[in-house]
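So the structure is just underneath, and the comments pick up after that.
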Amino acid sequence: MEALIAGLDAALRIDTFIWISGGLLLGMLMGSLPGFTTSMGMSVLVPISFLVGDPLIGIPFLIGVYKGGIYGGSVPAILISMPGTGASIATVFDGHELTKKGQPRKALEMGLYASAISDLFSDLFTLVMIIPVAAIVLGFGPPEIAAVMFLSLVIISVTSTGPVIKGLLMLCLGVLFGFIGADPFSGAARYTFGTNQLYDGFHLIPMLIGLFALPEIFKAVKEGDQTNSRIAQFVGDHLNFSELRRSLRTIFRSTAIGTSIGLVPGLGQPIAAMMGYIAAKNSSDTPERFGKGELDGVAGAEAANNAVNGPTMVPLLTLGIPGDAVTALLLGAFMMQGLRPGPTLMETNGDIVFAILIAMVFANILFLIIGYLTIPLFAKVVTIKRSLLIPVTIMLAFAGTYLARSNPFDIVTLIGFGLIGIAARSAKFDVAPMVMGFILGRELEYTFGQTLALAGDDWLRFIFVERLGMTAVVLATPIIGVTLGARMNRFRQKAIAGEQA
Amino acid sequence: MSAKWIIRISINFFLGLVFFINSSIAQENYPSKPITLIVPYAAGGSNDLNARVFTSFLDDYLGQPILIKLVPGQAGQKGTLEAVRSEPDGHTLLFTDNYRDQLHRFTFRNNVYDTNKDLIPIARVNYGEIAIIVRADGVYETWTDLESHAQLSTGNVAMSHSGLWVALFVPALQVMKNLDLQLRMVPYRGGGPAKAALLAGDVDMSMAFPATVAADVEAGRVKILATAGSERLISHVPSFVEIGLPPTTGFMHRVVMAPIGVPEERIIILRKAFARMQQETAYQEMMSQLGENTEYLDGKAYEAIRIQQSRDYRELANSFNNE
């Protein structure tokens, strides 16, 4: 408690806030460039934090970049249907539809408010619960993660839009795509047809851009000169307070989902975003409006992906364990300032830890302000003439794909998935289950393999004594799946009846 | 879709493309333009951080900025290949380690390049010596305890590692081969998650560079049972040689290399820059903050180590490939 108060005192500094603001702005700009992931942006900026000899400047600066980057990804997703990072995958579904309806500003503002609110609450949760939660985090090993992945796959397949069989087919296709590349356990090449190019498998970013952005470009080119010469004449109205209030329940639900997912090391933002979106759709009275420009969909996805940020700091600060590339970079930044994250840091420099966490909480207010000021600039994009916007979009798609890992083969991947996206759209197949199958299938295989290696010969004891958490999740999976599936079926029938009437 | 519309889009696209393409004019002096350092690792790893530290000092000694290009993939082969294929004018360098340089020739075979024929060392930046770690509150007090337990229950001792054929995996194989043990190897994505698995009690042992577990040792959560090398790093903890491992086991050298064909005088300029950078105290301090040493070695001296490694790793790889 003393450390908390000392931390509050230390965090309230004007230069800290200036640096956070700089980080947020840089993060938003970088995040809005497709293909430029948050970890790449932070990796470029980490030397700046090395050179600033003050942990209360350098680290909040990087945290600003982190928060800004995750939000920034939603901007191209909403405006040009191009999810620049995996985190904004579910933002595309309704965000871009809103843009096409002439409401890009509403969509961007909803994304911003949802991100900032959820970030605020997940940071507060982290601040207050960091000590008790640290003990729980270690309890999530590969067996529990594998069980949660399996549950996620079931949830996605039963709640997909349109006929279940179509969703399941796309999901399996995604899982198959995920198997391409090196076998994670032996390093042997699988389905690579003898080429080195496929050894690492497909990369997520060209897949996302290909599936979501290229079909939009194709459509716009096809009908471009017959319709309006701009996507929208104006950036549209502001978000009403009543619209925000209507989505508050969704925002808080997604915050809870995102925070819980953030606590489990290795799940990450894309899964959180998807689960937040599905939950919003599932508890909506009008789920048929999702995917056609529903503000609640943007709120559900954006709140969930940003809520992941806070809890990922827990294993880093309390155990010194970086769960992903972003936290690994933060670990480096801490060490450069002479702080060694881990159990001793909380005891010796508790005030600094709390100061950083408090700075994170306050950063959300700055986040809201800076985001609000940049929205009109970003949203202007849609008022550019299509004959200019389309070439720029094409260039962004290809440049972003190449930027992600400097691999020319990714361009081929981009075009390939673009064709799949166009075909799927004309055959009315939803591509979202395919992407999730791709992300989850690989991870499920890896964590399941780890689980087998951990279990050894004594697997009965492993299932029924050591890993009860995993067993509970696996047993609950069919019940959750059937319940959700039945609910979605009622809506599907209602939607069909509505169409016939 | 009218022809006019398509033409308008195409013209704008190519106008944009021309705008992005810029040409660079080569000059006489070396280095005449920024140097690209290819780092064949993912963002956020220890190699990425090490590269960011030394490149922010090295530019003072070369007179040109050093740009880091992360090219992860294919267990480092993609970045290595890119360096091998680059113009050998000294403006493209590679940051690699001994496993990628000498061991992967035997484990991830390729017909495209041969690190011994295609790369020449500029400098060893530093090295890390691995340690065997267990939980402090566990049943193993000493290495002997762990070893005898592993011998009694074949394959029942689980070890977490950070990936195939790299920093934790290779010394573990050397333990198995030289001490005739069976360890159950559980893969994790990187050293952080591998350590977490040990702390959680999911596995019985792991390996780590001492700096990455210093805080855990201090807090009484992790115990070091042995450290690499012939000398003891910690007075009461045996060295790898004492427990029966070869003296080179468990050393990871971080090395900067250039593609073969770079003119001799440029190699000398590069080697000198690294040598002079060692004098800078700010560099030394920053590396030690990161928990890394600055045991610099000139490229020429490193050649000898390389030959020895090649011999050891061939043997190691063969003994496991045949099984």
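Naming scheme: A, B, ... for chains in displayed order of the structure tokens; residues 1 onward per chain; ligands 1 onward as shown.
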Which residues, written as number ranges by chain, have at least one atom at most 8 Å from B:Thr107, with only C-alpha atoms counted and residues fewer than 4 positions away on the same chain left out?
B: 103, 165, 317
Residues of chain B within 6 Å of chain A, counting only C-alpha atoms, what are they? List them as a short mmCIF file (atom, residue, chain, number, x, y, z; two decimals) with C-alpha atoms, in the first residue's frame.
```cif
data_model
loop_
_atom_site.label_atom_id
_atom_site.label_comp_id
_atom_site.auth_asym_id
_atom_site.auth_seq_id
_atom_site.Cartn_x
_atom_site.Cartn_y
_atom_site.Cartn_z
CA MET B 1 -15.42 -1.16 -65.69
CA ILE B 9 -6.17 3.81 -61.78
CA PHE B 13 -0.54 3.56 -59.31
CA GLY B 44 12.07 -8.92 -28.82
CA GLN B 74 13.43 -21.02 -41.29
CA VAL B 186 9.23 -30.25 -23.70
CA GLY B 192 10.77 -16.89 -20.92
CA ALA B 200 5.12 -23.57 -12.29
CA GLN B 289 22.55 -3.55 -17.54
CA LEU B 290 21.17 -6.05 -20.00
#
```
I want to know what sits within 10 Å of A:Arg467, based on only C-alpha atoms, with residues of the same chain fewer than 2 positions away left out; could you give that as a PyMOL selection string?
chain A and resi 139-141+143-144+455+461-465+469-472
Residue contacts of A:Pro34 (9 Å, only C-alpha atoms) excluding same-chain residues fewer than 2 positions away, as a PyMOL selection string:
chain A and resi 30-32+36-37+73+76-77+82-85+205+209+396-397+399-401+403-404
Apply DSSP to the backbone of this structure and, from stretch 94-255 of chain B, keep only the residues in helix (DSSP H, G or I); write these as a ChimeraX atom specification.
/B:98-107,115-118,143-152,169-179,191-199,210-218
Do a neighbour search on stretch 33-40 of chain B at 6 Å with only C-alpha atoms, toss out local chain neighbours closer than 3 positions, and write the hits as number ranges by chain.
B: 64-72, 76, 79, 91-95
Could you name the residues that touch A:Asn305 at 7 Å or less, counting only C-alpha atoms, but leaving out those on the same chain fewer than 6 positions away, as a PDB file with C-alpha atoms, in the first residue's frame?
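Output (around24.pdb):
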```pdb
ATOM      1  CA  ALA A  87      -5.663  -7.780 -33.223  1.00  0.00           C
ATOM      2  CA  GLY A 258     -10.090  -9.564 -22.900  1.00  0.00           C
ATOM      3  CA  GLN A 269      -5.284 -10.206 -28.979  1.00  0.00           C
ATOM      4  CA  PRO A 270      -6.714 -11.907 -32.102  1.00  0.00           C
ATOM      5  CA  ALA A 272      -9.672 -11.968 -27.524  1.00  0.00           C
ATOM      6  CA  ALA A 273     -11.074  -9.779 -30.312  1.00  0.00           C
TER       7      ALA A 273
END
```
Show which residues sit within 8 Å of stretch 154-163 of chain B, as a VMD selection string. Count only C-alpha atoms, and ignore same-chain residues fewer than 3 positions away.
(chain A and resid 454 456) or (chain B and resid 149 to 151 166 to 169 181 to 191 193 to 195 197 to 198 203 to 207)
Atom pair atom CA of A:Arg442 / atom CA of A:Leu169: separation (Å)
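Pair atom CA of A:Arg442 / atom CA of A:Leu169 returns 16.8 Å.
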Backbone DSSP call of strand (DSSP E) for stretch 77-295 of chain B, listed as JSON, numbers by chain
{"B": [92, 93, 94, 95, 96, 97, 119, 120, 121, 122, 123, 124, 125, 126, 127, 128, 129, 131, 132, 133, 134, 135, 157, 158, 159, 160, 161, 183, 184, 185, 186, 187, 205, 206, 207, 208, 222, 223, 224, 225, 226, 227, 251, 252, 253, 254, 255, 256, 257, 258, 259]}
